Every structure is written in C-alpha cells, then in structure tokens.
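Pasted below: input.cif, mmCIF, C-alpha atoms and all ligand atoms.
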data_start
#
loop_
_atom_site.label_atom_id
_atom_site.label_comp_id
_atom_site.auth_asym_id
_atom_site.auth_seq_id
_atom_site.Cartn_x
_atom_site.Cartn_y
_atom_site.Cartn_z
CA MET A 222 103.69 87.49 74.29
CA ILE A 223 104.81 85.89 77.52
CA THR A 224 104.29 88.16 80.52
CA SER A 225 106.67 88.02 83.45
CA SER A 226 104.04 86.40 85.69
CA ALA A 227 103.39 83.68 83.11
CA ASN A 228 107.11 83.21 83.00
CA SER A 229 107.45 82.62 86.72
CA ALA A 230 104.47 80.24 86.72
CA CYS A 231 106.15 78.11 84.03
CA PRO A 232 109.68 77.54 85.22
CA PHE A 233 110.58 75.42 82.19
CA LEU A 234 110.43 78.58 80.08
CA ARG A 235 113.64 79.73 81.76
CA THR A 236 117.22 78.98 80.82
CA ARG A 237 118.07 75.37 80.03
CA GLY A 238 120.61 74.75 82.81
CA GLU A 239 118.08 75.52 85.52
CA LEU A 240 115.37 73.43 83.93
CA PRO A 241 115.45 70.16 85.91
CA PHE A 242 115.80 71.95 89.23
CA ARG A 243 113.03 74.46 88.56
CA PHE A 244 110.74 71.81 87.14
CA PHE A 245 111.28 69.70 90.27
CA LYS A 246 110.47 72.66 92.56
CA PHE A 247 107.41 73.48 90.50
CA ILE A 248 106.05 69.94 90.90
CA ILE A 249 106.75 69.93 94.65
CA ASN A 250 104.87 73.21 95.10
CA TRP A 251 102.02 71.95 93.04
CA VAL A 252 101.65 68.71 94.99
CA LYS A 253 102.20 70.28 98.38
CA ARG A 254 99.16 72.05 99.76
CA THR A 255 98.99 74.49 102.65
CA ARG A 256 96.67 73.24 105.39
CA ILE A 257 94.52 75.82 107.17
CA LEU A 258 93.75 74.61 110.69
CA LYS A 259 91.62 75.99 113.50
CA PRO A 260 93.81 76.39 116.59
CA THR A 261 92.37 73.51 118.61
CA PRO A 262 94.77 71.81 121.07
CA ARG A 263 95.06 68.85 118.68
CA ASN A 264 95.85 71.07 115.70
CA ILE A 265 98.39 73.07 117.69
CA GLU A 266 100.04 69.73 118.49
CA ILE A 267 100.12 68.92 114.75
CA ALA A 268 101.59 72.36 113.98
CA ALA A 269 104.20 71.89 116.72
CA SER A 270 105.28 68.59 115.22
CA VAL A 271 105.71 70.31 111.84
CA ILE A 272 107.94 72.94 113.52
CA LYS A 273 109.99 70.19 115.20
CA ARG A 274 110.46 68.48 111.82
CA GLY A 275 111.81 71.72 110.30
CA GLY A 276 108.59 72.85 108.56
CA LEU A 277 106.93 76.27 108.31
CA VAL A 278 103.80 77.28 110.24
CA ALA A 279 102.04 80.64 110.01
CA PHE A 280 100.42 81.57 113.31
CA PRO A 281 98.57 84.55 114.79
CA THR A 282 100.15 86.80 117.40
CA GLU A 283 98.45 89.79 119.00
CA THR A 284 100.18 92.08 116.45
CA VAL A 285 100.25 90.38 113.03
CA TYR A 286 100.62 86.81 111.69
CA GLY A 287 104.10 85.34 111.94
CA LEU A 288 105.77 82.80 109.64
CA GLY A 289 107.43 80.41 112.07
CA ALA A 290 110.24 77.88 112.00
CA ASP A 291 112.46 76.26 114.64
CA ALA A 292 114.92 79.07 115.48
CA THR A 293 117.65 76.55 116.33
CA ASN A 294 117.41 74.81 112.93
CA GLU A 295 119.36 76.73 110.30
CA ASP A 296 117.83 74.88 107.34
CA ALA A 297 114.33 75.59 108.57
CA VAL A 298 115.14 79.29 109.03
CA ARG A 299 116.61 79.46 105.54
CA LYS A 300 113.22 78.35 104.17
CA ILE A 301 111.60 81.39 105.79
CA PHE A 302 113.86 83.69 103.78
CA GLU A 303 113.13 81.74 100.59
CA VAL A 304 109.34 81.70 100.78
CA LYS A 305 109.12 85.35 101.88
CA ARG A 306 111.70 86.36 99.26
CA ARG A 307 113.38 88.16 102.11
CA PRO A 308 117.00 89.29 101.68
CA LEU A 309 119.45 87.53 104.00
CA TYR A 310 120.60 90.85 105.48
CA ASP A 311 117.25 91.27 107.23
CA PRO A 312 117.31 89.57 110.68
CA VAL A 313 114.34 87.68 112.11
CA ILE A 314 112.69 87.88 115.55
CA VAL A 315 112.94 84.86 117.86
CA HIS A 316 109.67 84.17 119.72
CA VAL A 317 109.75 82.59 123.17
CA SER A 318 107.03 81.39 125.54
CA SER A 319 108.76 82.02 128.88
CA PHE A 320 111.59 83.92 130.56
CA ASP A 321 113.47 80.64 130.92
CA MET A 322 113.37 80.15 127.16
CA LEU A 323 114.43 83.78 126.66
CA LYS A 324 117.53 83.14 128.76
CA GLU A 325 118.42 80.17 126.54
CA VAL A 326 118.67 82.31 123.39
CA VAL A 327 120.75 85.21 124.72
CA LYS A 328 124.31 85.54 125.93
CA GLU A 329 123.54 87.58 129.00
CA VAL A 330 120.42 88.91 130.65
CA PRO A 331 120.56 92.71 131.08
CA GLU A 332 119.30 94.51 134.19
CA ASP A 333 116.67 96.38 132.18
CA LEU A 334 114.84 93.13 131.51
CA ASP A 335 113.28 93.24 134.97
CA LYS A 336 111.78 96.67 134.35
CA LEU A 337 110.54 95.68 130.91
CA SER A 338 108.98 92.40 132.04
CA ARG A 339 105.68 94.22 132.66
CA PHE A 340 105.32 94.48 128.83
CA MET A 341 105.96 90.77 128.34
CA PRO A 342 104.16 88.87 127.01
CA GLY A 343 103.29 91.77 124.70
CA PRO A 344 104.11 93.71 121.52
CA LEU A 345 107.71 94.46 122.52
CA THR A 346 110.80 93.02 120.81
CA LEU A 347 114.13 93.37 122.58
CA ILE A 348 117.53 93.42 120.92
CA LEU A 349 119.93 91.47 123.13
CA MET A 350 123.30 89.74 122.68
CA ARG A 351 122.79 86.47 120.76
CA GLY A 352 123.42 83.16 122.52
CA GLU A 353 125.10 80.16 120.88
CA ARG A 354 121.91 78.19 120.39
CA ILE A 355 120.72 80.65 117.75
CA PRO A 356 122.46 80.31 114.37
CA PRO A 357 123.91 83.53 112.91
CA LEU A 358 121.52 83.27 109.91
CA VAL A 359 118.60 84.21 112.19
CA SER A 360 120.30 87.52 112.99
CA ALA A 361 121.78 88.13 109.54
CA GLY A 362 125.21 87.60 111.06
CA LEU A 363 124.77 90.28 113.75
CA PRO A 364 126.09 89.55 117.28
CA THR A 365 122.63 90.45 118.59
CA VAL A 366 119.25 88.71 118.50
CA ALA A 367 115.71 90.12 118.55
CA VAL A 368 113.51 88.36 121.13
CA ARG A 369 109.78 88.64 121.73
CA MET A 370 107.21 86.91 123.93
CA PRO A 371 103.89 87.30 122.10
CA ALA A 372 100.66 87.90 124.04
CA SER A 373 98.59 85.33 122.17
CA GLU A 374 97.51 82.05 123.68
CA ILE A 375 97.79 80.34 120.30
CA ALA A 376 101.33 81.59 119.71
CA LEU A 377 102.45 80.79 123.26
CA SER A 378 101.10 77.25 123.21
CA LEU A 379 102.57 76.61 119.75
CA ILE A 380 106.02 77.62 121.04
CA GLU A 381 105.56 75.64 124.23
CA ARG A 382 104.37 72.48 122.46
CA SER A 383 107.23 72.78 119.93
CA GLY A 384 109.70 72.95 122.82
CA VAL A 385 111.95 75.31 120.84
CA PRO A 386 112.10 79.07 120.28
CA ILE A 387 110.36 80.02 117.03
CA ALA A 388 111.96 82.37 114.51
CA ALA A 389 109.19 84.32 112.78
CA PRO A 390 109.04 87.39 110.59
CA SER A 391 105.63 88.77 109.63
CA ALA A 392 103.84 86.30 107.32
CA ASN A 393 103.80 88.37 104.13
CA LEU A 394 105.99 88.69 101.05
CA PHE A 395 109.00 90.92 101.74
CA GLY A 396 108.21 94.64 101.52
CA ARG A 397 104.42 94.12 101.46
CA PRO A 398 101.86 95.00 104.15
CA SER A 399 101.92 92.55 107.05
CA SER A 400 99.17 89.93 107.32
CA THR A 401 96.47 90.58 109.90
CA LYS A 402 94.07 87.86 108.66
CA PRO A 403 94.66 84.22 107.64
CA GLU A 404 93.47 85.01 104.10
CA HIS A 405 96.32 87.54 103.73
CA VAL A 406 98.80 84.78 104.59
CA LEU A 407 97.18 82.42 102.11
CA HIS A 408 97.24 85.12 99.42
CA ASP A 409 100.98 85.81 99.87
CA LEU A 410 102.38 82.40 100.86
CA GLY A 411 99.75 79.76 100.02
CA GLY A 412 101.17 76.52 98.57
CA ARG A 413 104.64 77.30 99.93
CA ILE A 414 104.17 76.76 103.65
CA ASP A 415 102.86 73.75 105.56
CA ILE A 416 100.20 75.12 107.89
CA ILE A 417 98.28 78.30 108.64
CA LEU A 418 96.77 78.36 112.13
CA ASP A 419 93.58 80.35 111.64
CA GLY A 420 93.08 82.57 114.69
CA GLY A 421 90.94 85.16 112.86
CA GLU A 422 91.91 88.83 112.71
CA THR A 423 94.81 89.93 114.92
CA ARG A 424 94.02 92.26 117.82
CA ILE A 425 96.64 95.03 117.34
CA GLY A 426 97.33 94.90 113.60
CA ILE A 427 100.67 96.76 113.77
CA GLU A 428 103.95 95.00 114.48
CA SER A 429 105.78 95.09 117.81
CA THR A 430 108.03 97.90 118.99
CA VAL A 431 111.67 96.95 118.39
CA LEU A 432 113.84 98.25 121.24
CA ASP A 433 117.63 97.96 121.30
CA ILE A 434 118.64 97.72 124.94
CA THR A 435 122.27 96.97 124.13
CA LYS A 436 122.51 100.77 123.62
CA ARG A 437 122.64 103.62 126.15
CA PRO A 438 120.15 105.25 126.06
CA PRO A 439 118.01 102.43 124.61
CA GLU A 440 116.95 102.99 120.99
CA ILE A 441 113.58 102.34 119.36
CA LEU A 442 114.40 100.85 115.95
CA ARG A 443 110.73 100.49 115.00
CA PRO A 444 107.78 102.13 116.80
CA GLY A 445 104.95 99.69 117.49
CA GLY A 446 102.47 98.31 119.99
CA ILE A 447 104.32 99.63 123.09
CA THR A 448 104.72 103.40 122.89
CA LYS A 449 107.83 105.52 123.53
CA GLU A 450 105.96 107.16 126.40
CA GLU A 451 105.31 103.78 128.08
CA LEU A 452 108.96 102.77 127.72
CA GLU A 453 110.24 106.06 129.09
CA GLU A 454 108.13 105.61 132.17
CA VAL A 455 110.19 102.57 133.19
CA LEU A 456 113.56 103.20 131.49
CA GLY A 457 114.02 106.95 131.56
CA GLU A 458 115.39 108.40 128.32
CA VAL A 459 114.67 106.39 125.17
CA VAL A 460 115.54 107.63 121.67
CA LEU A 461 113.64 107.04 118.47
CA LYS A 462 116.28 106.00 115.98
CA GLU A 463 115.95 107.85 112.70
CA ARG A 464 117.19 106.14 109.58
CA ALA A 465 120.90 106.78 109.10
CA GLY A 466 123.10 105.03 106.56
CA ARG A 467 122.50 101.32 106.12
CA PRO A 468 119.32 100.34 107.95
CA LYS A 469 119.84 98.35 111.12
CA SER A 470 116.26 97.23 111.11
CA PRO A 471 114.26 96.98 107.87
CA GLY A 472 111.57 98.63 109.83
CA GLN A 473 114.11 101.37 108.90
CA LEU A 474 114.23 100.72 105.16
CA LYS A 475 113.08 103.72 103.13
CA LYS A 476 110.33 101.73 101.46
CA HIS A 477 108.52 98.90 103.25
CA TYR A 478 105.02 97.72 104.20
CA SER A 479 103.89 98.82 100.72
CA PRO A 480 100.75 97.93 98.82
CA ARG A 481 101.05 97.24 95.06
CA ALA A 482 99.43 100.58 94.26
CA LYS A 483 101.61 103.65 94.73
CA LEU A 484 100.86 105.09 98.14
CA LEU A 485 100.96 108.88 98.51
CA LEU A 486 100.86 110.37 102.01
CA PHE A 487 99.50 113.86 102.75
CA GLU A 488 99.57 116.31 105.68
CA SER A 489 96.37 118.06 104.55
CA TYR A 490 93.28 117.58 102.37
CA GLU A 491 94.18 120.76 100.42
CA ARG A 492 97.44 119.15 99.27
CA MET A 493 95.58 115.92 98.49
CA GLU A 494 93.02 117.72 96.29
CA GLU A 495 95.82 119.57 94.45
CA GLU A 496 97.58 116.27 93.74
CA ILE A 497 94.35 114.61 92.56
CA LYS A 498 94.08 117.22 89.78
CA LYS A 499 97.50 116.09 88.47
CA LEU A 500 96.94 112.32 88.70
CA GLY A 501 95.55 110.00 86.06
CA GLY A 502 94.50 106.39 86.61
CA LYS A 503 92.27 104.76 89.18
CA ILE A 504 92.45 106.51 92.57
CA GLY A 505 91.86 104.92 95.98
CA ILE A 506 91.46 107.05 99.10
CA MET A 507 92.32 105.95 102.65
CA VAL A 508 91.09 108.46 105.24
CA PRO A 509 89.26 108.39 108.59
CA ILE A 510 85.58 107.58 108.42
CA GLU A 511 84.64 111.12 109.51
CA ASP A 512 86.26 112.53 106.35
CA ALA A 513 85.22 109.83 103.86
CA GLY A 514 82.24 111.89 102.61
CA ARG A 515 84.58 114.40 100.92
CA PHE A 516 85.63 111.75 98.40
CA GLU A 517 82.72 109.32 98.11
CA GLY A 518 81.15 109.08 94.67
CA ARG A 519 84.35 110.43 93.10
CA PHE A 520 86.89 107.76 94.02
CA ILE A 521 87.18 104.37 95.70
CA VAL A 522 87.18 105.21 99.39
CA LYS A 523 88.08 102.83 102.22
CA SER A 524 88.51 103.78 105.83
CA PRO A 525 90.39 101.91 108.57
CA GLY A 526 88.28 103.74 111.19
CA SER A 527 88.37 107.01 113.08
CA PHE A 528 91.29 109.13 114.31
CA SER A 529 89.42 109.32 117.62
CA ASP A 530 90.20 105.58 117.98
CA LEU A 531 93.81 105.22 116.83
CA GLU A 532 94.02 101.61 118.13
CA GLY A 533 91.16 100.64 115.82
CA TYR A 534 92.71 102.58 112.94
CA GLY A 535 95.99 100.68 113.45
CA ARG A 536 94.21 97.34 113.63
CA ARG A 537 92.66 97.81 110.18
CA LEU A 538 95.49 99.76 108.49
CA PHE A 539 97.14 96.89 106.60
CA SER A 540 93.90 95.11 105.68
CA THR A 541 92.56 98.39 104.23
CA MET A 542 95.69 98.75 102.09
CA ARG A 543 95.17 95.22 100.83
CA GLU A 544 91.47 95.85 100.10
CA LEU A 545 92.36 98.88 97.99
CA ASP A 546 94.93 96.81 96.13
CA GLU A 547 92.22 94.29 95.37
CA GLU A 548 90.10 97.05 93.82
CA GLY A 549 92.94 97.44 91.32
CA VAL A 550 93.67 101.09 92.09
CA ASP A 551 96.83 102.71 90.72
CA TYR A 552 97.24 105.13 93.65
CA ILE A 553 96.31 105.10 97.31
CA LEU A 554 96.07 108.61 98.75
CA ALA A 555 96.31 108.53 102.54
CA ILE A 556 96.08 111.28 105.15
CA ALA A 557 98.64 111.35 108.00
CA PRO A 558 97.36 110.61 111.53
CA PRO A 559 98.30 112.63 114.62
CA ARG A 560 101.82 111.56 115.64
CA ARG A 561 101.24 110.55 119.23
CA GLY A 562 100.85 107.17 120.96
CA VAL A 563 99.78 104.51 118.43
CA GLY A 564 99.45 107.33 115.87
CA LEU A 565 103.25 107.42 115.69
CA SER A 566 103.37 103.75 114.62
CA ILE A 567 100.58 104.27 112.08
CA PHE A 568 102.43 107.28 110.70
CA ASP A 569 105.66 105.24 110.52
CA ARG A 570 104.00 102.46 108.47
CA LEU A 571 102.29 104.93 106.09
CA PHE A 572 105.50 106.90 105.70
CA LYS A 573 107.47 103.74 104.83
CA ALA A 574 104.71 102.56 102.50
CA SER A 575 105.01 105.88 100.65
CA GLY A 576 108.75 105.40 100.15
CA SER A 577 109.46 107.90 102.97
CA GLU A 578 107.83 110.94 101.38
CA ILE A 579 105.10 113.18 102.72
CA LYS A 580 103.34 115.81 100.63
O1 LIG B 1 104.95 92.05 115.81
C1 LIG B 1 105.96 91.59 115.28
O2 LIG B 1 107.11 91.99 115.58
C2 LIG B 1 105.79 90.52 114.21
C3 LIG B 1 105.19 89.27 114.86
C4 LIG B 1 105.08 88.12 113.90
O3 LIG B 1 105.94 88.93 115.98
N1 LIG B 1 107.03 90.22 113.56
C5 LIG B 1 107.63 91.05 112.69
O4 LIG B 1 108.79 90.54 112.15
O5 LIG B 1 107.18 92.15 112.38
P1 LIG B 1 109.54 91.21 110.91
O6 LIG B 1 110.61 90.27 110.56
O7 LIG B 1 108.57 91.54 109.86
O8 LIG B 1 110.19 92.49 111.52
C6 LIG B 1 111.23 92.34 112.47
C7 LIG B 1 112.01 93.61 112.62
C8 LIG B 1 112.73 93.94 111.35
O9 LIG B 1 112.63 95.34 111.15
C9 LIG B 1 114.14 93.47 111.65
O10 LIG B 1 115.11 94.16 110.92
C10 LIG B 1 114.26 93.77 113.13
O11 LIG B 1 112.99 93.43 113.64
N2 LIG B 1 115.31 92.95 113.74
C11 LIG B 1 115.31 91.62 113.91
N3 LIG B 1 116.47 91.21 114.48
C12 LIG B 1 117.20 92.33 114.68
C13 LIG B 1 118.50 92.58 115.24
N4 LIG B 1 119.26 91.61 115.70
N5 LIG B 1 118.94 93.87 115.26
C14 LIG B 1 118.16 94.87 114.78
N6 LIG B 1 116.93 94.70 114.25
C15 LIG B 1 116.46 93.45 114.20
MG MG B 2 107.69 92.36 108.29
#
Could you show the structure in this file as structure tokens?
Ligand code: TXA
Ligand code: MG
Amino acid sequence: MITSSANSACPFLRTRGELPFRFFKFIINWVKRTRILKPTPRNIEIAASVIKRGGLVAFPTETVYGLGADATNEDAVRKIFEVKRRPLYDPVIVHVSSFDMLKEVVKEVPEDLDKLSRFMPGPLTLILMRGERIPPLVSAGLPTVAVRMPASEIALSLIERSGVPIAAPSANLFGRPSSTKPEHVLHDLGGRIDIILDGGETRIGIESTVLDITKRPPEILRPGGITKEELEEVLGEVVLKERAGRPKSPGQLKKHYSPRAKLLLFESYERMEEEIKKLGGKIGIMVPIEDAGRFEGRFIVKSPGSFSDLEGYGRRLFSTMRELDEEGVDYILAIAPPRRGVGLSIFDRLFKASGSEIK
C-alpha cells in the first residue's frame, strides 16, 4: 500500500500530466540544501545578498523565527506562501529596521505612531494603510499593511544590510506551532529555503501583538508580546477583537498554532481527570511544573515552566507542544493559564490550538 506521505515524497506517482513538472521540482529540492549559518557579520551579509536576489532566509526575532523575503519583490513573497503552504488570503507582516523605512511602506503616518514608538523596536505589529512599494500579495489584497520593527540585533542588521523591508511570517508550516528554535525551522522547512540564521532560542517565544490603528478605538487583532494594559496606558481605550465572521487576521482563525496531536484545553484538573477516563490512546500532559506531580508516572508530562513566571511559560509554550508531538502522543491535555498580561496571549494560543474549545 502506498501511504499519503510516500505519495508526496515520490511526485512521479501522481497523475501523468503533472509528471515532468513535479519531477523537476523534486530534483531541485533534492539538490538544493538549506544552509544553517551562525549570525556573524559576514554570514548576515551572505543572508542579505540572498534576500536581495529574491531568496528565502529564516531569521530569529525576539518573538519567534521569521521566514523572510524582500517585501518589494512579488515573486519572492509568493515563494513564502508556497513553502509554508500558507493560503493566499493570509497577509504577511513587513519588517523594517528604522522609522524611515517604515514611512516608505505606508501611505500615511498616523499621529498614534509617536505614542507607540516607545514599543518599537519590539513585539508590536501595526496595521497601517499600505504604500505603493508593497505589492498587494503581501497584504492578501487588503488596502492595509502590517508593519513591525523587531527588537533583535540579528533581524535588524539583516534588514539593514538587505536595504529592503523584509516580509516574514512565522517560520513554520501553516497552522502549526511557531518556531522558537532553529531546529524547529529545519524540521518544518528544511530543504525548501536557502538559509537559516541560527540565533538560538528566541527570547519571548510568542508572536507580536497585532494592533489595528486604522480603527477607532484601535483594535487588537492578536494578543502578544505587548499587553492590552500597556497599550491602553498610551492610547486610551483599546478593544480586543473577538473573532466575528471571516477572520481578518489568522491569529483569529478558529484553529491555528496546533500541534499534530489533538490539543484539549481545560479550566480545571477535575475536568481534565474526568476526560482522561474517557480517552484512549497515548496521552501527553502540559501543565505548570508545580502541578506536574499529579500526572507523572501515569502519562507523558512536559512543562513549559511555572504560572508564577508567565513570561517563561510563554517562551517555552510552542517548543513544549513540539516535544510532546515528538513523543508521538495522540492527545495533549493542557491547563489554562490566568488570563492577565502575557497569560492572555498564552491562553489565546492554547485556545486556538484546541480549535477554540475549552472544557
Ligand atoms: O512576532 C511575530 O509577529 C512574528 C515574527 C516573525 O515577526 N511573525 C508572525 O507572522 O507571527 P505571522 O504571519 O505568523 O502572523 C501575522 C499575523 C497574522 O495573524 C496575519 O493575519 C496578521 O498578522 N496580519 C498581517 N497583515 C495584516 C493586515 N494587513 N491586516 C490584518 N492582519 C494582518
Ligand atoms: Mg504564524
């Protein structure tokens, strides 16, 4: 029997018409290797020249790894969608290294930018009106563009050396947990991108806050590294946009950031224990370290850290999901964190990973 994965590894097993094209792509992928480079000045220069030539470079930011291409080069951006298997309706963030570069990618600079500049560089993405330099493909045809100035020396110097804004979604396959380590990028995208700049584990581990400041009051489309409380301090009222109708930001898709195992999210350990009685298969547990003892010896238990350190918990959230996947578990049972500060972003990612269901 030919399994579906064997099928995709052997493109010539598909329909006849596609054969020459698929065979050609297969050979290219096979010959082409992804280079993993330490972020020395020389290697950043090499990576920048790949960006300028229209290639793909994965690079660390303070949040998660990004998969970068020249944001002004439509063909290069199209490759991002292909290798991530990302649907074209999902717009990509444009990364800039300075306020001057930011001004080049937008139509107009809003007043609020001044107040928000204290978070930049940082884990904040702003939705602004798109300028002509950015092809519509980057924004999935929307009149807006998402812009972010990452707080990572490696990312900033890559953008600066490239001399162009860099379009970059998180460097993972679409719908999967974001990559917080270079090995995650290699696992998901190895062989299909040119370079991975290896900056070790990312500092924050959860993606940036996406804030739409074309709206009054401004709307948070995805909670992240900068909290609602911090934004309200400088902007006044800010609303957290709940999913309504067609998602505006896939951060708003019902199911996203998911491991391969089915993730079940619980409010309490009582509910979790009740569910365990009903489940078959191999069970993985993801809870704070202080509660791990309840499950050890019975199931595969991994902990991202303690709820008394939500930053640390967030940093290791996605890598813990990936570790449980590697154990081959069928289910990941996770407990919900307190929904304040960074806890709100952690809750958001777990909720999306569970297909937007809490038990
Ligand atoms: O921390 C981060 O934001 C990371 C690093 C690499 O910068 N990037 C990241 O990109 O998480 P991505 O593509 O995985 O998520 C970008 C989010 C998506 O939810 C997307 O829908 C939203 O930003 N977005 C991008 N452009 C938008 C736009 N014009 N309007 C509304 N949402 C937009
Ligand atoms: Mg993503």
For ligand LIG 1 (chain B), I'd like the enclosing box, axis-aligned and padded by 5 Å on every side, reported as lines of an AutoDock Vina configuration file with centre and edge lengths in Å to one decimal.
center_x = 112.1
center_y = 91.7
center_z = 112.9
size_x = 24.3
size_y = 17.2
size_z = 16.1
Within 8 Å of (106.4, 90.1, 128.6) in the file's own coordinates, which protein, DNA or RNA residues have an atom, counting all atoms listed in the file? List them as a PyMOL selection string.
chain A and resi 337-343+345+369-372
Show me, as JSON, numbers by chain, the residues that have an atom within 8 Å of Leu379 in chain A when counting all atoms listed in the file, minus same-chain residues fewer than 3 positions from it.
{"A": [265, 266, 268, 269, 375, 376, 382, 383]}
Excluding Leu486 in chain A and residues on its chain fewer than 5 positions from it, collect all residues at most 10 Å away from it, counting all atoms listed in the file, and give them as a ChimeraX atom specification.
/A:492-493,507,553-557,568,571-580
With all atoms listed in the file as the atoms that count, which of A:Ser373, A:Ile355, A:Val330, A:His408 lies nearest to Gly420 in chain A?
A:Ser373
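Across A:Ile272, A:Val317, A:Ile427, A:Ile567, the tightest approach to ligand MG 2 (chain B) is made by A:Ile427 when counting all atoms listed in the file.
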Give as an MDAnalysis selection string the set of residues within 9 Å of the point (98.7, 81.1, 117.4), where distances use the file's coordinates and all atoms listed in the file.
chainID A and resid 260 265 279:283 286:287 373:380 418:420
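When only C-alpha atoms and all ligand atoms are used to measure the gap to ligand MG 2 (chain B), the shortest distance among A:Ser391, A:Asn294, A:Ser270, A:Asn264 belongs to A:Ser391.
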Compute the set of protein, DNA and RNA residues whose minimum atom distance to ligand MG 2 (chain B) is at most 7 Å, using all atoms listed in the file, and state it as a VMD selection string.
chain A and resid 390 to 391 393 395 399
Counting all atoms listed in the file, which protein, DNA or RNA residues come within 7 Å of ligand LIG 1 (chain B), given as a count of residues only?
36
